[in-house]
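Right, one structure below, let's go through it.
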Protein chains: 2
Amino acid sequence: MTPESQEITTKERLLEAGLGMLLKHGYSDLGIQALLSETGIPKGSFYHHFSSKQDFALQVVDRYMQEVHQGLDMSLGNHALPPLERVRLFFELSREKYRREGYLGCLLGGLGQELSGVSETFRHKIEGCFNLIAERITDCLEEAHQRGELAADQEPRQLADLLLDCWEGAALRSRLRRDPGPLGAMLDFYFAVAAR
Amino acid sequence: MTPESQEITTKERLLEAGLGMLLKHGYSDLGIQALLSETGIPKGSFYHHFSSKQDFALQVVDRYMQEVHQGLDMSLGNHALPPLERVRLFFELSREKYRREGYLGCLLGGLGQELSGVSETFRHKIEGCFNLIAERITDCLEEAHQRGELAADQEPRQLADLLLDCWEGAALRSRLRRDPGPLGAMLDFYFAVAAR
DNA sequence: AGTTGGGAATAGACCGGTCGGTCTAGAGGA
DNA sequence: TCCTCTAGACCGACCGGTCTATTCCCAACT
């Protein structure tokens, strides 16, 4: 396989399909066999590339985080916008992504809820992901604070965590209702308060 | 079994144990066998009282909702307090309950995330539960609005949904971190804004 | 250039264990 | 007697994971 080849590798196809299936089914309800039937990939290939179902799911989370970081780069990195609007843009992008996927919510929230009672590995993994996202948002809120564009008197880090937590809650409700309403309502409320 | 008997019935014991185990393990990871081992109840009894695992879980949710309604009665029904404080009291009670259970979050949020992609039955069931809770909170916010104690200009129903959604998000984060921080931060933020 | 050696990847039959659920038998009380 | 409930052996299906065989591709060697 030459590096410049456009061919999609077996491993990538598995991660790609796994992303969608984990988002819909969650971890326990996703069978390896179902994944293989959907992709037409034999079991030998799966266990060649991944040591176990858990290893696979953890790598799917990594892949999901790549997408998240791309979204963060696109929004928070847009220095033409004031910092608070950059933060909001990130969540607007996420909402648009949820729409494309049929309002199934956020993979981190889904796996976090399902597995954090049962697997310390996943609990720490997911919490680590949330931490990374919150850190990047914090940086942006920090900038807003320095420019005097932040109304609230709380620490940027706490405001970032709060925003992320509430977003996940709205994403759950959006998943239950299969509509974007809760996401928009949450964003409107938060930014109306946060903006000076 | 006489009605006035204080004896705990087999069915009640199953529902009670199921509540705790579903909260920790979720639906798919909870095995009937594990439930029976924990309670010492034979399988025949289980399937005498419940037609299936799904039927069982749905009844566990009903039982959970009984507790929620008790909490709502205790807090929202306390007319010595102004309505907004009654609403806050409900969530303070919930936070205390979560603490007792080891910060495993909310059963509705957990099952909602896990199953709403896979089972329309559960999706509608859980969304129905959230609706009921939101309605009761709405009534209380309505009263606050009429007394001019509500700062926000939004509809009480939307404020109630927002509060509930954000709470569920904070509960997920609390489950991941095994601490109450996110719950308190979310309440402080919301009520600082909502109160006039 | 042609041959070949060997690791990477594919292929799927197969495995023990566990799953939710059924069935028959018996215990207990009214 | 009769019905509710307990009791647990048993069932087929499916689970995640293993194993061996085969194919593929490219590098190394003559």
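Residue numbering restarts at 1 in every chain; chains get A, B, ... in the order shown in the structure tokens, and ligands count up from 1 in that same order.
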For Arg63 of chain A, work out the shell of residues within 12 Å, counting only C-alpha atoms (C1' of nucleotides) and skipping chain neighbours fewer than 6 positions away, then give it as JSON, numbers by chain.
{"A": [11, 12, 13, 14, 15, 16, 17, 18, 19, 20, 56, 57, 69, 70, 107, 108, 129]}
Can you check which residues of chain B have any atom within 10 Å of chain D? Use only C-alpha atoms (C1' of nucleotides) and format it as a list in words.
Thr10, Ile41, Pro42, Lys43, Gly44, Ser45, Phe46, His48 and His49 of chain B
Check which residues of chain B sit at most 8 Å from chain A using only C-alpha atoms, and return one row each with the closest pair of atoms and their distance in Å to one decimal, ordered by chain and rising number, as a tab-separated table.
residue	atom	partner	partner_atom	distance
B:Leu23	CA	A:Gly117	CA	7.9
B:Lys24	CA	A:Gly117	CA	4.9
B:His25	CA	A:Val118	CA	5.8
B:Gly26	CA	A:Glu114	CA	6.0
B:Ser28	CA	A:Ser28	CA	5.9
B:Asp29	CA	A:Ser28	CA	6.6
B:Leu104	CA	A:Gly117	CA	6.8
B:Gly109	CA	A:Leu172	CA	7.5
B:Gly110	CA	A:Gln113	CA	5.3
B:Leu111	CA	A:Glu114	CA	7.8
B:Gly112	CA	A:Leu176	CA	6.8
B:Gln113	CA	A:Gly110	CA	5.3
B:Glu114	CA	A:Glu114	CA	5.7
B:Leu115	CA	A:His25	CA	7.5
B:Ser116	CA	A:Leu176	CA	6.0
B:Gly117	CA	A:Lys24	CA	4.9
B:Val118	CA	A:His25	CA	5.8
B:Arg123	CA	A:Leu176	CA	5.8
B:His124	CA	A:Leu176	CA	7.5
B:Ile126	CA	A:Leu176	CA	7.8
B:Glu127	CA	A:Leu176	CA	6.1
B:Gln158	CA	A:Ala185	CA	7.9
B:Asp161	CA	A:Pro182	CA	7.9
B:Leu162	CA	A:Met186	CA	6.3
B:Asp165	CA	A:Gly169	CA	4.8
B:Cys166	CA	A:Cys166	CA	4.2
B:Trp167	CA	A:Gly169	CA	6.9
B:Glu168	CA	A:Gly169	CA	5.0
B:Gly169	CA	A:Gly169	CA	3.5
B:Ala170	CA	A:Asp165	CA	5.2
B:Leu172	CA	A:Gln113	CA	6.3
B:Arg173	CA	A:Asp165	CA	6.4
B:Arg175	CA	A:Ser116	CA	7.1
B:Leu176	CA	A:Arg123	CA	5.8
B:Arg177	CA	A:Glu127	CA	7.1
B:Pro182	CA	A:Leu162	CA	7.2
B:Ala185	CA	A:Leu162	CA	7.1
B:Met186	CA	A:Leu162	CA	6.3
B:Val193	CA	A:Val193	CA	7.4
Using the selection just defined, write its residues with N, CA, C and O atoms as a short mmCIF file (atom, residue, chain, number, x, y, z; two decimals), in the first residue's frame.
data_model
loop_
_atom_site.label_atom_id
_atom_site.label_comp_id
_atom_site.auth_asym_id
_atom_site.auth_seq_id
_atom_site.Cartn_x
_atom_site.Cartn_y
_atom_site.Cartn_z
N LEU B 23 -28.95 0.85 37.22
CA LEU B 23 -28.27 2.14 37.35
C LEU B 23 -26.77 1.97 37.12
O LEU B 23 -26.14 2.78 36.46
N LYS B 24 -26.23 0.91 37.66
CA LYS B 24 -24.80 0.71 37.53
C LYS B 24 -24.41 0.09 36.19
O LYS B 24 -23.48 0.55 35.53
N HIS B 25 -25.12 -0.96 35.79
CA HIS B 25 -24.70 -1.73 34.62
C HIS B 25 -25.35 -1.30 33.32
O HIS B 25 -24.86 -1.63 32.25
N GLY B 26 -26.46 -0.62 33.42
CA GLY B 26 -27.23 -0.38 32.21
C GLY B 26 -28.03 -1.62 31.85
O GLY B 26 -28.02 -2.62 32.57
N SER B 28 -28.13 -3.65 28.72
CA SER B 28 -27.55 -4.79 28.01
C SER B 28 -26.58 -5.57 28.89
O SER B 28 -26.51 -6.79 28.81
N ASP B 29 -25.83 -4.85 29.71
CA ASP B 29 -24.82 -5.52 30.52
C ASP B 29 -25.40 -6.18 31.76
O ASP B 29 -24.70 -6.86 32.50
N LEU B 104 -23.84 7.72 40.52
CA LEU B 104 -24.03 6.96 39.28
C LEU B 104 -24.99 7.64 38.33
O LEU B 104 -25.39 7.06 37.32
N GLY B 109 -31.50 9.06 32.37
CA GLY B 109 -30.44 9.47 31.46
C GLY B 109 -29.64 8.28 30.98
O GLY B 109 -29.32 8.17 29.78
N GLY B 110 -29.32 7.38 31.88
CA GLY B 110 -28.53 6.22 31.51
C GLY B 110 -29.24 5.34 30.50
O GLY B 110 -28.69 5.02 29.44
N LEU B 111 -30.46 4.94 30.83
CA LEU B 111 -31.20 4.07 29.91
C LEU B 111 -31.56 4.81 28.62
O LEU B 111 -31.56 4.21 27.54
N GLY B 112 -31.84 6.09 28.75
CA GLY B 112 -32.17 6.87 27.56
C GLY B 112 -31.02 6.88 26.57
O GLY B 112 -31.21 6.63 25.38
N GLN B 113 -29.83 7.15 27.06
CA GLN B 113 -28.66 7.15 26.17
C GLN B 113 -28.43 5.78 25.57
O GLN B 113 -28.21 5.63 24.38
N GLU B 114 -28.48 4.77 26.41
CA GLU B 114 -28.13 3.44 25.94
C GLU B 114 -29.13 2.87 24.94
O GLU B 114 -28.73 2.23 23.97
N LEU B 115 -30.40 3.10 25.18
CA LEU B 115 -31.41 2.35 24.43
C LEU B 115 -32.17 3.15 23.38
O LEU B 115 -32.84 2.55 22.54
N SER B 116 -32.08 4.47 23.41
CA SER B 116 -32.95 5.24 22.52
C SER B 116 -32.54 5.08 21.06
O SER B 116 -33.33 5.39 20.17
N GLY B 117 -31.35 4.58 20.80
CA GLY B 117 -30.98 4.33 19.42
C GLY B 117 -31.43 2.99 18.91
O GLY B 117 -31.39 2.71 17.72
N VAL B 118 -31.94 2.17 19.81
CA VAL B 118 -32.13 0.76 19.52
C VAL B 118 -33.56 0.29 19.77
O VAL B 118 -34.02 -0.66 19.15
N ARG B 123 -37.28 4.46 24.05
CA ARG B 123 -37.13 5.88 23.71
C ARG B 123 -38.38 6.65 24.12
O ARG B 123 -38.29 7.68 24.78
N HIS B 124 -39.54 6.13 23.75
CA HIS B 124 -40.78 6.84 24.09
C HIS B 124 -41.05 6.78 25.59
O HIS B 124 -41.55 7.74 26.18
N ILE B 126 -38.86 6.68 28.10
CA ILE B 126 -38.00 7.61 28.82
C ILE B 126 -38.39 9.05 28.51
O ILE B 126 -38.46 9.90 29.41
N GLU B 127 -38.64 9.33 27.24
CA GLU B 127 -39.04 10.69 26.89
C GLU B 127 -40.33 11.06 27.60
O GLU B 127 -40.52 12.18 28.06
N GLN B 158 -40.28 26.00 28.46
CA GLN B 158 -38.94 25.92 27.88
C GLN B 158 -37.86 26.00 28.94
O GLN B 158 -36.84 25.32 28.84
N ASP B 161 -37.71 22.53 30.57
CA ASP B 161 -36.98 21.56 29.73
C ASP B 161 -35.49 21.84 29.78
O ASP B 161 -34.68 20.91 29.90
N LEU B 162 -35.15 23.10 29.66
CA LEU B 162 -33.74 23.48 29.69
C LEU B 162 -33.08 23.04 30.99
O LEU B 162 -31.99 22.45 30.98
N ASP B 165 -32.71 19.25 31.01
CA ASP B 165 -31.68 18.79 30.08
C ASP B 165 -30.29 19.05 30.65
O ASP B 165 -29.43 18.15 30.65
N CYS B 166 -30.07 20.26 31.11
CA CYS B 166 -28.75 20.59 31.65
C CYS B 166 -28.44 19.74 32.88
O CYS B 166 -27.30 19.32 33.09
N TRP B 167 -29.45 19.49 33.67
CA TRP B 167 -29.25 18.63 34.83
C TRP B 167 -28.78 17.24 34.42
O TRP B 167 -27.85 16.68 35.02
N GLU B 168 -29.39 16.70 33.39
CA GLU B 168 -29.00 15.37 32.94
C GLU B 168 -27.57 15.37 32.43
O GLU B 168 -26.81 14.41 32.64
N GLY B 169 -27.17 16.44 31.77
CA GLY B 169 -25.80 16.54 31.31
C GLY B 169 -24.83 16.60 32.48
O GLY B 169 -23.79 15.92 32.49
N ALA B 170 -25.18 17.39 33.48
CA ALA B 170 -24.34 17.48 34.67
C ALA B 170 -24.29 16.13 35.39
O ALA B 170 -23.25 15.74 35.94
N LEU B 172 -24.46 13.20 33.99
CA LEU B 172 -23.53 12.34 33.24
C LEU B 172 -22.08 12.67 33.63
O LEU B 172 -21.29 11.78 33.93
N ARG B 173 -21.76 13.93 33.66
CA ARG B 173 -20.39 14.31 34.02
C ARG B 173 -20.08 13.89 35.44
O ARG B 173 -18.97 13.44 35.74
N ARG B 175 -21.33 11.36 36.93
CA ARG B 175 -21.12 9.90 36.87
C ARG B 175 -19.72 9.58 36.39
O ARG B 175 -19.07 8.66 36.92
N LEU B 176 -19.26 10.31 35.41
CA LEU B 176 -17.91 10.07 34.90
C LEU B 176 -16.85 10.40 35.93
O LEU B 176 -15.86 9.69 36.06
N ARG B 177 -17.07 11.47 36.67
CA ARG B 177 -16.05 11.92 37.62
C ARG B 177 -16.27 11.37 39.01
O ARG B 177 -15.45 11.55 39.90
N PRO B 182 -20.16 18.92 39.09
CA PRO B 182 -20.93 19.41 37.95
C PRO B 182 -22.39 19.71 38.29
O PRO B 182 -22.97 20.65 37.72
N ALA B 185 -22.48 23.14 40.21
CA ALA B 185 -22.13 24.24 39.31
C ALA B 185 -23.28 24.58 38.38
O ALA B 185 -23.58 25.75 38.13
N MET B 186 -23.93 23.52 37.89
CA MET B 186 -25.02 23.75 36.95
C MET B 186 -26.20 24.45 37.65
O MET B 186 -26.78 25.40 37.12
N VAL B 193 -29.26 32.94 37.12
CA VAL B 193 -29.82 33.62 35.95
C VAL B 193 -31.33 33.71 36.03
O VAL B 193 -31.94 34.73 35.68
#
Per DSSP on the backbone, filter chain B down to the residues in alpha helix (DSSP H) and report them as a VMD selection string.
chain B and resid 10 to 25 32 to 39 43 to 49 53 to 76 83 to 100 107 to 115 120 to 146 156 to 177 181 to 194
Using only C-alpha atoms (C1' of nucleotides), I'd like a table of the residues in chain C that come within 8 Å of chain B; for each, show the closest atom pair and its distance in Å rounded to one decimal, ordered by chain and ascending number, as a tab-separated table.
residue	atom	partner	partner_atom	distance
C:DC19	C1'	B:Gly31	CA	7.6
C:DG20	C1'	B:Lys53	CA	7.5
C:DG21	C1'	B:Ser52	CA	7.9
Atoms to include: all heavy atoms. Write the selected residues as a PDB file, in the first residue's frame.
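Once written, result-v3.pdb looks like this:
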ATOM      1  P    DC C  19     -24.507 -13.963  31.284  1.00  0.00           P
ATOM      2  OP1  DC C  19     -24.013 -12.729  31.899  1.00  0.00           O
ATOM      3  OP2  DC C  19     -24.960 -15.106  32.123  1.00  0.00           O
ATOM      4  O5'  DC C  19     -25.664 -13.599  30.266  1.00  0.00           O
ATOM      5  C5'  DC C  19     -25.327 -12.948  29.033  1.00  0.00           C
ATOM      6  C4'  DC C  19     -26.446 -13.192  28.036  1.00  0.00           C
ATOM      7  O4'  DC C  19     -26.269 -14.492  27.438  1.00  0.00           O
ATOM      8  C3'  DC C  19     -27.821 -13.246  28.661  1.00  0.00           C
ATOM      9  O3'  DC C  19     -28.356 -11.932  28.721  1.00  0.00           O
ATOM     10  C2'  DC C  19     -28.604 -14.113  27.688  1.00  0.00           C
ATOM     11  C1'  DC C  19     -27.536 -15.001  27.036  1.00  0.00           C
ATOM     12  N1   DC C  19     -27.576 -16.445  27.430  1.00  0.00           N
ATOM     13  C2   DC C  19     -28.201 -17.375  26.602  1.00  0.00           C
ATOM     14  O2   DC C  19     -28.752 -16.969  25.571  1.00  0.00           O
ATOM     15  N3   DC C  19     -28.194 -18.683  26.965  1.00  0.00           N
ATOM     16  C4   DC C  19     -27.598 -19.059  28.094  1.00  0.00           C
ATOM     17  N4   DC C  19     -27.608 -20.353  28.400  1.00  0.00           N
ATOM     18  C5   DC C  19     -26.958 -18.115  28.954  1.00  0.00           C
ATOM     19  C6   DC C  19     -26.979 -16.840  28.598  1.00  0.00           C
ATOM     20  P    DG C  20     -29.583 -11.657  29.715  1.00  0.00           P
ATOM     21  OP1  DG C  20     -29.666 -10.191  29.885  1.00  0.00           O
ATOM     22  OP2  DG C  20     -29.414 -12.531  30.883  1.00  0.00           O
ATOM     23  O5'  DG C  20     -30.826 -12.152  28.882  1.00  0.00           O
ATOM     24  C5'  DG C  20     -31.113 -11.561  27.630  1.00  0.00           C
ATOM     25  C4'  DG C  20     -32.215 -12.328  26.941  1.00  0.00           C
ATOM     26  O4'  DG C  20     -31.826 -13.717  26.832  1.00  0.00           O
ATOM     27  C3'  DG C  20     -33.553 -12.324  27.675  1.00  0.00           C
ATOM     28  O3'  DG C  20     -34.601 -12.243  26.708  1.00  0.00           O
ATOM     29  C2'  DG C  20     -33.550 -13.650  28.427  1.00  0.00           C
ATOM     30  C1'  DG C  20     -32.776 -14.552  27.467  1.00  0.00           C
ATOM     31  N9   DG C  20     -32.037 -15.620  28.155  1.00  0.00           N
ATOM     32  C8   DG C  20     -31.230 -15.483  29.248  1.00  0.00           C
ATOM     33  N7   DG C  20     -30.705 -16.599  29.662  1.00  0.00           N
ATOM     34  C5   DG C  20     -31.201 -17.550  28.789  1.00  0.00           C
ATOM     35  C6   DG C  20     -30.986 -18.952  28.751  1.00  0.00           C
ATOM     36  O6   DG C  20     -30.294 -19.656  29.490  1.00  0.00           O
ATOM     37  N1   DG C  20     -31.690 -19.549  27.698  1.00  0.00           N
ATOM     38  C2   DG C  20     -32.480 -18.870  26.802  1.00  0.00           C
ATOM     39  N2   DG C  20     -33.082 -19.619  25.864  1.00  0.00           N
ATOM     40  N3   DG C  20     -32.693 -17.556  26.831  1.00  0.00           N
ATOM     41  C4   DG C  20     -32.027 -16.966  27.851  1.00  0.00           C
ATOM     42  P    DG C  21     -36.138 -12.241  27.210  1.00  0.00           P
ATOM     43  OP1  DG C  21     -36.936 -11.583  26.156  1.00  0.00           O
ATOM     44  OP2  DG C  21     -36.201 -11.751  28.594  1.00  0.00           O
ATOM     45  O5'  DG C  21     -36.503 -13.788  27.186  1.00  0.00           O
ATOM     46  C5'  DG C  21     -36.395 -14.490  25.950  1.00  0.00           C
ATOM     47  C4'  DG C  21     -36.781 -15.939  26.153  1.00  0.00           C
ATOM     48  O4'  DG C  21     -35.751 -16.637  26.895  1.00  0.00           O
ATOM     49  C3'  DG C  21     -38.091 -16.176  26.920  1.00  0.00           C
ATOM     50  O3'  DG C  21     -38.950 -16.946  26.104  1.00  0.00           O
ATOM     51  C2'  DG C  21     -37.661 -16.911  28.189  1.00  0.00           C
ATOM     52  C1'  DG C  21     -36.365 -17.574  27.744  1.00  0.00           C
ATOM     53  N9   DG C  21     -35.445 -17.874  28.838  1.00  0.00           N
ATOM     54  C8   DG C  21     -34.909 -17.000  29.754  1.00  0.00           C
ATOM     55  N7   DG C  21     -34.115 -17.577  30.626  1.00  0.00           N
ATOM     56  C5   DG C  21     -34.131 -18.908  30.263  1.00  0.00           C
ATOM     57  C6   DG C  21     -33.463 -20.015  30.834  1.00  0.00           C
ATOM     58  O6   DG C  21     -32.702 -20.043  31.801  1.00  0.00           O
ATOM     59  N1   DG C  21     -33.753 -21.199  30.153  1.00  0.00           N
ATOM     60  C2   DG C  21     -34.581 -21.294  29.067  1.00  0.00           C
ATOM     61  N2   DG C  21     -34.746 -22.513  28.547  1.00  0.00           N
ATOM     62  N3   DG C  21     -35.213 -20.273  28.517  1.00  0.00           N
ATOM     63  C4   DG C  21     -34.946 -19.113  29.167  1.00  0.00           C
TER      64       DG C  21
END
Between atom CA of Val61 of chain A and atom CA of Glu96 of chain A, what is the spacing in Å?
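We find that atom CA of Glu96 of chain A and atom CA of Val61 of chain A lie 19.6 Å from each other.
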What separation in Å, quoted to one decimal, exists between atom CA of Met65 of chain B and atom CA of Leu187 of chain A?
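Computed distance, atom CA of Met65 of chain B to atom CA of Leu187 of chain A, equals 28.6 Å.
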State, in Å with one decimal place, the distance from atom CA of Glu85 of chain A to atom CA of Ala192 of chain A.
11.6 Å
